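For reference, data_8.txt is printed below; it contains compact mmCIF, C-alpha atoms and all ligand atoms.
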# COMPACT_ATOMS: atom_id res chain seq x y z
CA MET K 1 0.00 0.00 0.00
CA GLY K 2 2.39 2.68 1.26
CA GLU K 3 -0.13 5.51 0.95
CA ILE K 4 1.14 7.51 3.89
CA HIS K 5 4.53 9.19 3.53
CA VAL K 6 6.06 10.03 6.91
CA ALA K 7 8.89 12.54 7.35
CA ILE K 8 10.83 11.51 10.46
CA LEU K 9 12.63 14.58 11.78
CA ILE K 10 15.87 14.19 13.74
CA GLY K 11 15.74 16.84 16.47
CA THR K 12 19.33 18.02 16.86
CA THR K 13 22.62 18.68 15.09
CA ARG K 14 24.74 17.98 18.21
CA GLU K 15 27.95 16.12 17.28
CA GLN K 16 27.59 13.31 19.88
CA ARG K 17 23.79 13.11 19.59
CA LYS K 18 22.24 9.87 20.85
CA SER K 19 18.68 10.73 19.86
CA VAL K 20 19.64 9.89 16.29
CA TYR K 21 19.67 6.20 17.34
CA ALA K 22 16.05 6.57 18.46
CA ALA K 23 15.16 8.29 15.18
CA ARG K 24 16.77 5.48 13.14
CA LEU K 25 14.91 2.88 15.21
CA MET K 26 11.61 4.71 14.64
CA LYS K 27 12.27 4.68 10.89
CA GLU K 28 13.03 0.94 10.98
CA ILE K 29 9.72 0.34 12.78
CA ALA K 30 7.79 2.74 10.53
CA ASP K 31 8.96 0.82 7.47
CA THR K 32 7.41 -2.42 8.81
CA TYR K 33 3.91 -0.91 8.35
CA PRO K 34 2.46 -1.62 4.89
CA GLU K 35 0.65 1.74 4.88
CA ILE K 36 3.84 3.74 5.40
CA THR K 37 6.79 4.94 3.37
CA SER K 38 9.23 7.10 5.30
CA GLU K 39 12.32 9.24 5.11
CA LEU K 40 14.70 10.41 7.80
CA VAL K 41 15.23 14.17 7.82
CA ASP K 42 18.51 15.38 9.32
CA PRO K 43 18.85 19.09 10.21
CA LYS K 44 22.60 18.63 9.60
CA ASP K 45 21.86 18.31 5.87
CA PHE K 46 20.53 21.85 5.54
CA THR K 47 21.83 25.37 5.97
CA PHE K 48 19.12 27.80 6.86
CA GLU K 49 20.21 31.44 6.62
CA GLY K 50 19.00 33.90 9.23
CA ASP K 51 15.73 33.19 10.97
CA GLY K 52 12.16 32.55 9.92
CA ASN K 53 10.75 31.45 6.59
CA ASP K 54 11.82 34.29 4.28
CA PRO K 55 12.85 32.93 0.86
CA GLU K 56 16.56 33.13 1.79
CA GLY K 57 15.85 31.27 5.05
CA LYS K 58 14.51 28.20 3.25
CA ASP K 59 16.16 25.15 1.73
CA VAL K 60 14.34 23.84 -1.34
CA ARG K 61 15.17 20.23 -0.35
CA TYR K 62 13.40 20.67 2.99
CA THR K 63 10.49 22.42 1.29
CA GLU K 64 10.07 19.42 -1.02
CA ILE K 65 10.17 16.99 1.92
CA THR K 66 7.40 18.89 3.71
CA GLU K 67 5.39 19.02 0.48
CA ARG K 68 5.46 15.25 -0.08
CA ALA K 69 4.95 14.32 3.60
CA ASP K 70 1.45 13.22 4.64
CA ALA K 71 2.56 13.02 8.27
CA PHE K 72 5.45 14.01 10.49
CA LEU K 73 7.19 12.22 13.34
CA ILE K 74 9.50 14.43 15.38
CA VAL K 75 12.17 12.63 17.41
CA THR K 76 13.39 15.30 19.80
CA PRO K 77 15.93 15.29 22.61
CA GLU K 78 15.21 17.37 25.69
CA TYR K 79 17.51 20.37 26.12
CA ASN K 80 16.88 22.41 29.27
CA HIS K 81 13.28 21.18 29.51
CA SER K 82 12.55 22.14 25.92
CA PHE K 83 13.54 21.14 22.37
CA PRO K 84 16.69 22.17 20.46
CA GLY K 85 16.95 25.43 18.56
CA SER K 86 18.18 23.60 15.44
CA LEU K 87 14.87 21.70 15.30
CA LYS K 88 12.90 24.93 15.68
CA ARG K 89 14.95 26.64 12.96
CA MET K 90 14.25 23.78 10.54
CA LEU K 91 10.53 23.73 11.38
CA ASP K 92 10.32 27.53 11.08
CA SER K 93 11.67 27.47 7.52
CA GLU K 94 8.27 26.28 6.25
CA LEU K 95 4.66 27.08 6.96
CA LYS K 96 1.95 26.22 4.45
CA ASN K 97 3.18 22.66 3.81
CA TYR K 98 2.34 21.64 7.38
CA ILE K 99 -1.27 22.70 7.37
CA HIS K 100 -3.81 19.95 8.22
CA LYS K 101 -1.15 17.22 8.51
CA PRO K 102 -0.64 15.13 11.67
CA VAL K 103 2.49 15.05 13.78
CA ALA K 104 3.54 12.47 16.37
CA PHE K 105 6.38 12.84 18.86
CA ALA K 106 9.13 10.72 20.34
CA GLY K 107 11.11 12.26 23.20
CA VAL K 108 14.66 11.32 24.14
CA SER K 109 16.61 12.18 27.29
CA SER K 110 19.48 11.11 29.49
CA GLY K 111 17.18 11.72 32.46
CA GLY K 112 14.20 9.61 33.47
CA TRP K 113 11.38 11.55 31.79
CA GLY K 114 12.05 10.57 28.20
CA GLY K 115 11.80 14.07 26.77
CA VAL K 116 8.18 14.67 27.83
CA ARG K 117 8.92 18.34 28.53
CA ALA K 118 10.44 18.77 25.07
CA ILE K 119 7.29 17.23 23.58
CA GLU K 120 4.98 19.43 25.66
CA SER K 121 6.82 22.58 24.54
CA LEU K 122 6.67 21.48 20.90
CA VAL K 123 2.89 21.12 20.97
CA ASN K 124 2.42 24.90 21.22
CA ALA K 125 4.75 25.60 18.31
CA VAL K 126 3.42 22.96 15.92
CA ARG K 127 -0.16 24.06 16.53
CA GLU K 128 0.72 27.51 15.20
CA MET K 129 2.21 25.82 12.11
CA GLY K 130 -1.11 24.16 11.30
CA LEU K 131 0.07 20.67 12.23
CA ILE K 132 -2.32 18.46 14.21
CA ALA K 133 -0.63 16.93 17.26
CA THR K 134 -1.47 13.28 17.99
CA PHE K 135 -1.84 12.02 21.56
CA THR K 136 0.19 8.84 21.46
CA ASP K 137 3.80 9.77 22.26
CA MET K 138 6.89 7.58 22.59
CA GLN K 139 9.59 8.09 25.22
CA PHE K 140 13.23 7.06 25.30
CA PRO K 141 14.37 7.81 28.89
CA ARG K 142 18.02 7.16 29.90
CA VAL K 143 18.93 6.82 26.24
CA GLN K 144 22.56 6.05 27.15
CA ASP K 145 21.33 2.70 28.57
CA LEU K 146 18.96 1.88 25.71
CA PHE K 147 21.50 1.89 22.88
CA SER K 148 25.11 0.70 22.61
CA GLU K 149 27.91 3.11 21.64
CA GLU K 150 27.33 2.00 18.03
CA GLY K 151 23.60 2.70 18.26
CA LYS K 152 22.37 -0.89 18.63
CA LEU K 153 19.09 -1.23 20.57
CA LEU K 154 19.73 -3.03 23.89
CA ASP K 155 16.11 -3.50 24.97
CA GLU K 156 13.96 -5.18 22.32
CA LYS K 157 10.73 -4.13 24.09
CA TYR K 158 11.27 -0.71 22.56
CA ARG K 159 10.29 -2.14 19.18
CA GLU K 160 6.82 -2.90 20.60
CA TYR K 161 6.16 0.37 22.45
CA PRO K 162 5.53 2.62 19.39
CA LYS K 163 2.62 0.50 18.06
CA LYS K 164 -0.06 2.87 19.36
CA LEU K 165 1.85 5.85 18.01
CA PHE K 166 2.00 4.43 14.48
CA ASN K 167 -1.60 3.14 14.50
CA GLU K 168 -2.82 6.58 15.49
CA LEU K 169 -0.52 8.42 13.06
CA ILE K 170 -1.69 6.24 10.14
CA TRP K 171 -5.34 6.85 11.04
CA MET K 172 -4.90 10.59 11.48
CA ALA K 173 -2.89 10.87 8.26
CA THR K 174 -5.54 8.91 6.34
CA VAL K 175 -8.41 11.01 7.67
CA LEU K 176 -6.64 14.33 7.14
CA LYS K 177 -5.45 13.40 3.65
CA HIS K 178 -9.04 12.50 2.75
CA GLY K 179 -10.15 15.83 4.19
CA ARG K 180 -7.52 17.88 2.34
CA GLU K 181 -8.39 16.19 -0.95
CA ASN K 182 -12.19 15.97 -0.62
CA VAL K 183 -13.64 18.40 1.88
CA GLU K 184 -13.99 22.02 0.85
CA LYS K 185 -12.75 24.72 3.19
CA ILE K 186 -15.43 26.73 4.96
CA GLU K 187 -15.10 30.36 3.89
CA HIS K 188 -18.11 32.26 5.27
CA LYS K 189 -17.86 35.94 4.57
C1 LIG F 1 22.04 21.77 26.05
C2 LIG F 1 21.56 20.49 26.65
C3 LIG F 1 20.55 20.51 27.60
C4 LIG F 1 20.06 19.32 28.16
N1 LIG F 1 19.02 19.35 29.02
C5 LIG F 1 18.46 18.18 29.44
C6 LIG F 1 17.26 18.19 30.24
O1 LIG F 1 16.69 19.23 30.50
N2 LIG F 1 16.74 17.01 30.65
C7 LIG F 1 17.35 15.80 30.33
O2 LIG F 1 16.86 14.75 30.73
N3 LIG F 1 18.49 15.77 29.58
C8 LIG F 1 19.03 16.93 29.13
N4 LIG F 1 20.15 16.89 28.32
C9 LIG F 1 20.78 15.61 28.02
C10 LIG F 1 20.16 14.97 26.76
O3 LIG F 1 18.92 14.44 27.13
C11 LIG F 1 21.12 13.90 26.27
O4 LIG F 1 22.19 14.54 25.59
C12 LIG F 1 20.50 12.80 25.44
O5 LIG F 1 21.53 11.97 24.97
C13 LIG F 1 19.64 13.25 24.24
O6 LIG F 1 20.23 14.30 23.51
P1 LIG F 1 21.27 14.09 22.27
O7 LIG F 1 20.53 13.54 21.10
O8 LIG F 1 21.83 15.44 22.03
O9 LIG F 1 22.32 13.11 22.76
C14 LIG F 1 20.65 18.08 27.77
C15 LIG F 1 21.67 18.07 26.80
C16 LIG F 1 22.13 19.24 26.24
C17 LIG F 1 23.18 19.19 25.18

So, in terms of structure tokens, how does the structure I just supplied come out?
Ligand SMILES: Cc1cc2nc3c(=O)[nH]c(=O)nc-3n(C[C@H](O)[C@H](O)[C@H](O)COP(=O)(O)O)c2cc1C
Amino acid sequence: MGEIHVAILIGTTREQRKSVYAARLMKEIADTYPEITSELVDPKDFTFEGDGNDPEGKDVRYTEITERADAFLIVTPEYNHSFPGSLKRMLDSELKNYIHKPVAFAGVSSGGWGGVRAIESLVNAVREMGLIATFTDMQFPRVQDLFSEEGKLLDEKYREYPKKLFNELIWMATVLKHGRENVEKIEHK
């Protein structure tokens, strides 16, 4: 089938980042669903000038990714109880391509809360972008114990935990895609 294309956003450019292991695992799991095709989006691959979404602040490759995505999955580490600036800068470079598309979240932290505070702070920002936040998050607490130095998953249960997240994301993406393609916007004057 593969009707739902999911852009899986890596949340940081930090050199020693461990959350990238979680993002790669989420892509591996996403690709086991027949409804899904996916791509990993690395903020390291783009250079966004200045701030905001002025034409010079965009990268056409990121614009194209957001255009073809039916859904987003943001895998964010928690930095000082929020999400990294590099993730915000990448998200800020676009606007209209997010509207009426769903977004799910996976949080990653070295502490015990699994990035829940990063996720909670993201909800406000993505709402303003027109994305629809789903309610089935995934957490990777104490990430240093969950993956080896080479990024190998050490606890196989983590392959099972994101089931609800993907089931919900597929459903939301299907419903919203149908809506975007078939339901006229209400424009009362
Ligand atoms: C600037 C900065 C702030 C951080 N703040 C938090 C925090 O508030 N809570 C937490 O559990 N971990 C915090 N961490 C640790 C990260 O959770 C840890 O680095 C983890 O591996 C995920 O981030 P990474 O992908 O950059 O490795 C912080 C890390 C950095 C670099």

| To one decimal place, how far is CA of Lys18 (chain K) from CA of Arg127 (chain K) in Å? |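 Here the two named atoms are 26.9 Å from each other.
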
| request: Name the residues, by chain letter and number, that sit within 10 Å of ligand LIG 1 (chain F) using all atoms listed in the file, and give them as a VMD selection string. | output: chain K and resid 10 to 23 75 to 85 107 to 118 140 to 145

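The space separating CA of Gly50 (chain K) from CA of Ser93 (chain K) comes to 9.9 Å.
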
Using all atoms of region 151-166 of chain K that appear in the file, construct an axis-aligned enclosing box with 6 Å of padding on every side and provide its centre coordinates and edge lengths in Å, rounded to one decimal, as JSON.
{"center_x": 11.8, "center_y": 0.3, "center_z": 19.7, "size_x": 35.7, "size_y": 23.0, "size_z": 22.5}

| message | Distance cut-off 12 Å, centre (14.1, 24.0, 3.3) in file coordinates, counting only C-alpha atoms: which residues qualify? Return them as a ChimeraX atom specification. | response | /K:41-49,52-67,89-95,97

| field | Distance query Leu25 (chain K) at most 12 Å, only C-alpha atoms, self and fewer than 3 positions along chain excluded, as a VMD selection string | value | chain K and resid 8 10 18 to 22 28 to 32 40 75 106 138 140 146 to 147 151 to 156 158 to 162

| K:Ile4, K:Leu87, K:Ile186, K:Leu9 ranked by distance to Ile170 (chain K), top pick (using all atoms listed in the file) | K:Ile4

| K:Val183, K:Ile132, K:Ala69, K:Leu165 ranked by distance to Val103 (chain K), top pick (using all atoms listed in the file) |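 Looking only at the distances to Val103 (chain K), the closest residue turns out to be K:Ile132.
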
| query | Which is closest to Gln139 (chain K) among K:Pro34, K:Ala125, K:Phe105, K:Glu120, if we use all atoms listed in the file? | reply |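 Comparing K:Pro34, K:Ala125, K:Phe105, K:Glu120 against Gln139 (chain K), the winner is K:Phe105.
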
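Atom to atom, CA of Asp51 (chain K) and CA of Met129 (chain K) stand 15.4 Å apart.
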
| query | Given the choices K:Leu131, K:Ile99, K:Ala104, K:Val126, which gets closest to Glu168 (chain K) if the distance is worked out from all atoms listed in the file? | reply |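 The closest residue to Glu168 (chain K) is K:Ala104.
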
| query | Which of these residues is nearest to Lys163 (chain K), using only C-alpha atoms: K:Thr136, K:Leu176, K:Lys185, K:Lys101? | reply |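 Selected residue with least distance to Lys163 (chain K): K:Thr136.
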
Atoms added to region 78-108 of chain K (N, CA and C atoms), reported as a PDB file, in the coordinates of the input:
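What ended up in selection.pdb:
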ATOM      1  N   GLU K  78      15.601  16.277  24.786  1.00  0.00           N
ATOM      2  CA  GLU K  78      15.210  17.370  25.690  1.00  0.00           C
ATOM      3  C   GLU K  78      16.456  18.169  26.070  1.00  0.00           C
ATOM      4  N   TYR K  79      16.435  19.462  25.738  1.00  0.00           N
ATOM      5  CA  TYR K  79      17.510  20.370  26.120  1.00  0.00           C
ATOM      6  C   TYR K  79      16.931  21.439  27.051  1.00  0.00           C
ATOM      7  N   ASN K  80      17.375  21.447  28.280  1.00  0.00           N
ATOM      8  CA  ASN K  80      16.880  22.410  29.270  1.00  0.00           C
ATOM      9  C   ASN K  80      15.353  22.491  29.291  1.00  0.00           C
ATOM     10  N   HIS K  81      14.744  21.318  29.394  1.00  0.00           N
ATOM     11  CA  HIS K  81      13.280  21.180  29.510  1.00  0.00           C
ATOM     12  C   HIS K  81      12.528  21.669  28.277  1.00  0.00           C
ATOM     13  N   SER K  82      13.224  21.750  27.147  1.00  0.00           N
ATOM     14  CA  SER K  82      12.550  22.140  25.920  1.00  0.00           C
ATOM     15  C   SER K  82      13.189  21.365  24.761  1.00  0.00           C
ATOM     16  N   PHE K  83      12.969  21.842  23.533  1.00  0.00           N
ATOM     17  CA  PHE K  83      13.540  21.140  22.370  1.00  0.00           C
ATOM     18  C   PHE K  83      14.637  22.009  21.758  1.00  0.00           C
ATOM     19  N   PRO K  84      15.549  21.416  20.978  1.00  0.00           N
ATOM     20  CA  PRO K  84      16.690  22.170  20.460  1.00  0.00           C
ATOM     21  C   PRO K  84      16.329  23.274  19.466  1.00  0.00           C
ATOM     22  N   GLY K  85      17.138  24.325  19.491  1.00  0.00           N
ATOM     23  CA  GLY K  85      16.950  25.430  18.560  1.00  0.00           C
ATOM     24  C   GLY K  85      17.098  25.007  17.110  1.00  0.00           C
ATOM     25  N   SER K  86      17.974  24.037  16.843  1.00  0.00           N
ATOM     26  CA  SER K  86      18.180  23.600  15.440  1.00  0.00           C
ATOM     27  C   SER K  86      16.904  22.964  14.880  1.00  0.00           C
ATOM     28  N   LEU K  87      16.153  22.278  15.737  1.00  0.00           N
ATOM     29  CA  LEU K  87      14.870  21.700  15.300  1.00  0.00           C
ATOM     30  C   LEU K  87      13.880  22.827  15.001  1.00  0.00           C
ATOM     31  N   LYS K  88      13.836  23.821  15.873  1.00  0.00           N
ATOM     32  CA  LYS K  88      12.900  24.930  15.680  1.00  0.00           C
ATOM     33  C   LYS K  88      13.236  25.682  14.388  1.00  0.00           C
ATOM     34  N   ARG K  89      14.544  25.896  14.162  1.00  0.00           N
ATOM     35  CA  ARG K  89      14.950  26.640  12.960  1.00  0.00           C
ATOM     36  C   ARG K  89      14.513  25.897  11.693  1.00  0.00           C
ATOM     37  N   MET K  90      14.658  24.562  11.716  1.00  0.00           N
ATOM     38  CA  MET K  90      14.250  23.780  10.540  1.00  0.00           C
ATOM     39  C   MET K  90      12.727  23.854  10.379  1.00  0.00           C
ATOM     40  N   LEU K  91      11.995  23.657  11.467  1.00  0.00           N
ATOM     41  CA  LEU K  91      10.530  23.730  11.380  1.00  0.00           C
ATOM     42  C   LEU K  91      10.080  25.103  10.902  1.00  0.00           C
ATOM     43  N   ASP K  92      10.720  26.156  11.415  1.00  0.00           N
ATOM     44  CA  ASP K  92      10.320  27.530  11.080  1.00  0.00           C
ATOM     45  C   ASP K  92      10.528  27.888   9.608  1.00  0.00           C
ATOM     46  N   SER K  93      11.352  27.107   8.905  1.00  0.00           N
ATOM     47  CA  SER K  93      11.670  27.470   7.520  1.00  0.00           C
ATOM     48  C   SER K  93      10.480  27.226   6.586  1.00  0.00           C
ATOM     49  N   GLU K  94       9.460  26.540   7.065  1.00  0.00           N
ATOM     50  CA  GLU K  94       8.270  26.280   6.250  1.00  0.00           C
ATOM     51  C   GLU K  94       7.023  26.705   6.995  1.00  0.00           C
ATOM     52  N   LEU K  95       5.917  26.795   6.281  1.00  0.00           N
ATOM     53  CA  LEU K  95       4.660  27.080   6.960  1.00  0.00           C
ATOM     54  C   LEU K  95       3.505  26.362   6.278  1.00  0.00           C
ATOM     55  N   LYS K  96       3.194  26.720   5.035  1.00  0.00           N
ATOM     56  CA  LYS K  96       1.950  26.220   4.450  1.00  0.00           C
ATOM     57  C   LYS K  96       1.952  24.696   4.225  1.00  0.00           C
ATOM     58  N   ASN K  97       3.133  24.106   4.074  1.00  0.00           N
ATOM     59  CA  ASN K  97       3.180  22.660   3.810  1.00  0.00           C
ATOM     60  C   ASN K  97       2.838  21.793   5.019  1.00  0.00           C
ATOM     61  N   TYR K  98       2.686  22.417   6.187  1.00  0.00           N
ATOM     62  CA  TYR K  98       2.340  21.640   7.380  1.00  0.00           C
ATOM     63  C   TYR K  98       0.830  21.581   7.614  1.00  0.00           C
ATOM     64  N   ILE K  99       0.120  22.481   6.958  1.00  0.00           N
ATOM     65  CA  ILE K  99      -1.270  22.700   7.370  1.00  0.00           C
ATOM     66  C   ILE K  99      -2.145  21.455   7.158  1.00  0.00           C
ATOM     67  N   HIS K 100      -2.892  21.092   8.211  1.00  0.00           N
ATOM     68  CA  HIS K 100      -3.810  19.950   8.220  1.00  0.00           C
ATOM     69  C   HIS K 100      -3.097  18.616   7.994  1.00  0.00           C
ATOM     70  N   LYS K 101      -1.862  18.509   8.510  1.00  0.00           N
ATOM     71  CA  LYS K 101      -1.150  17.220   8.510  1.00  0.00           C
ATOM     72  C   LYS K 101      -0.855  16.837   9.964  1.00  0.00           C
ATOM     73  N   PRO K 102      -0.862  15.526  10.269  1.00  0.00           N
ATOM     74  CA  PRO K 102      -0.640  15.130  11.670  1.00  0.00           C
ATOM     75  C   PRO K 102       0.844  15.045  12.016  1.00  0.00           C
ATOM     76  N   VAL K 103       1.123  15.217  13.295  1.00  0.00           N
ATOM     77  CA  VAL K 103       2.490  15.050  13.780  1.00  0.00           C
ATOM     78  C   VAL K 103       2.460  14.235  15.076  1.00  0.00           C
ATOM     79  N   ALA K 104       3.357  13.255  15.144  1.00  0.00           N
ATOM     80  CA  ALA K 104       3.540  12.470  16.370  1.00  0.00           C
ATOM     81  C   ALA K 104       4.931  12.779  16.921  1.00  0.00           C
ATOM     82  N   PHE K 105       5.130  12.458  18.203  1.00  0.00           N
ATOM     83  CA  PHE K 105       6.380  12.840  18.860  1.00  0.00           C
ATOM     84  C   PHE K 105       7.021  11.654  19.571  1.00  0.00           C
ATOM     85  N   ALA K 106       8.347  11.602  19.479  1.00  0.00           N
ATOM     86  CA  ALA K 106       9.130  10.720  20.340  1.00  0.00           C
ATOM     87  C   ALA K 106      10.135  11.606  21.065  1.00  0.00           C
ATOM     88  N   GLY K 107      10.186  11.465  22.392  1.00  0.00           N
ATOM     89  CA  GLY K 107      11.110  12.260  23.200  1.00  0.00           C
ATOM     90  C   GLY K 107      12.285  11.404  23.652  1.00  0.00           C
ATOM     91  N   VAL K 108      13.443  12.035  23.766  1.00  0.00           N
ATOM     92  CA  VAL K 108      14.660  11.320  24.140  1.00  0.00           C
ATOM     93  C   VAL K 108      15.389  12.124  25.204  1.00  0.00           C
TER      94      VAL K 108
END
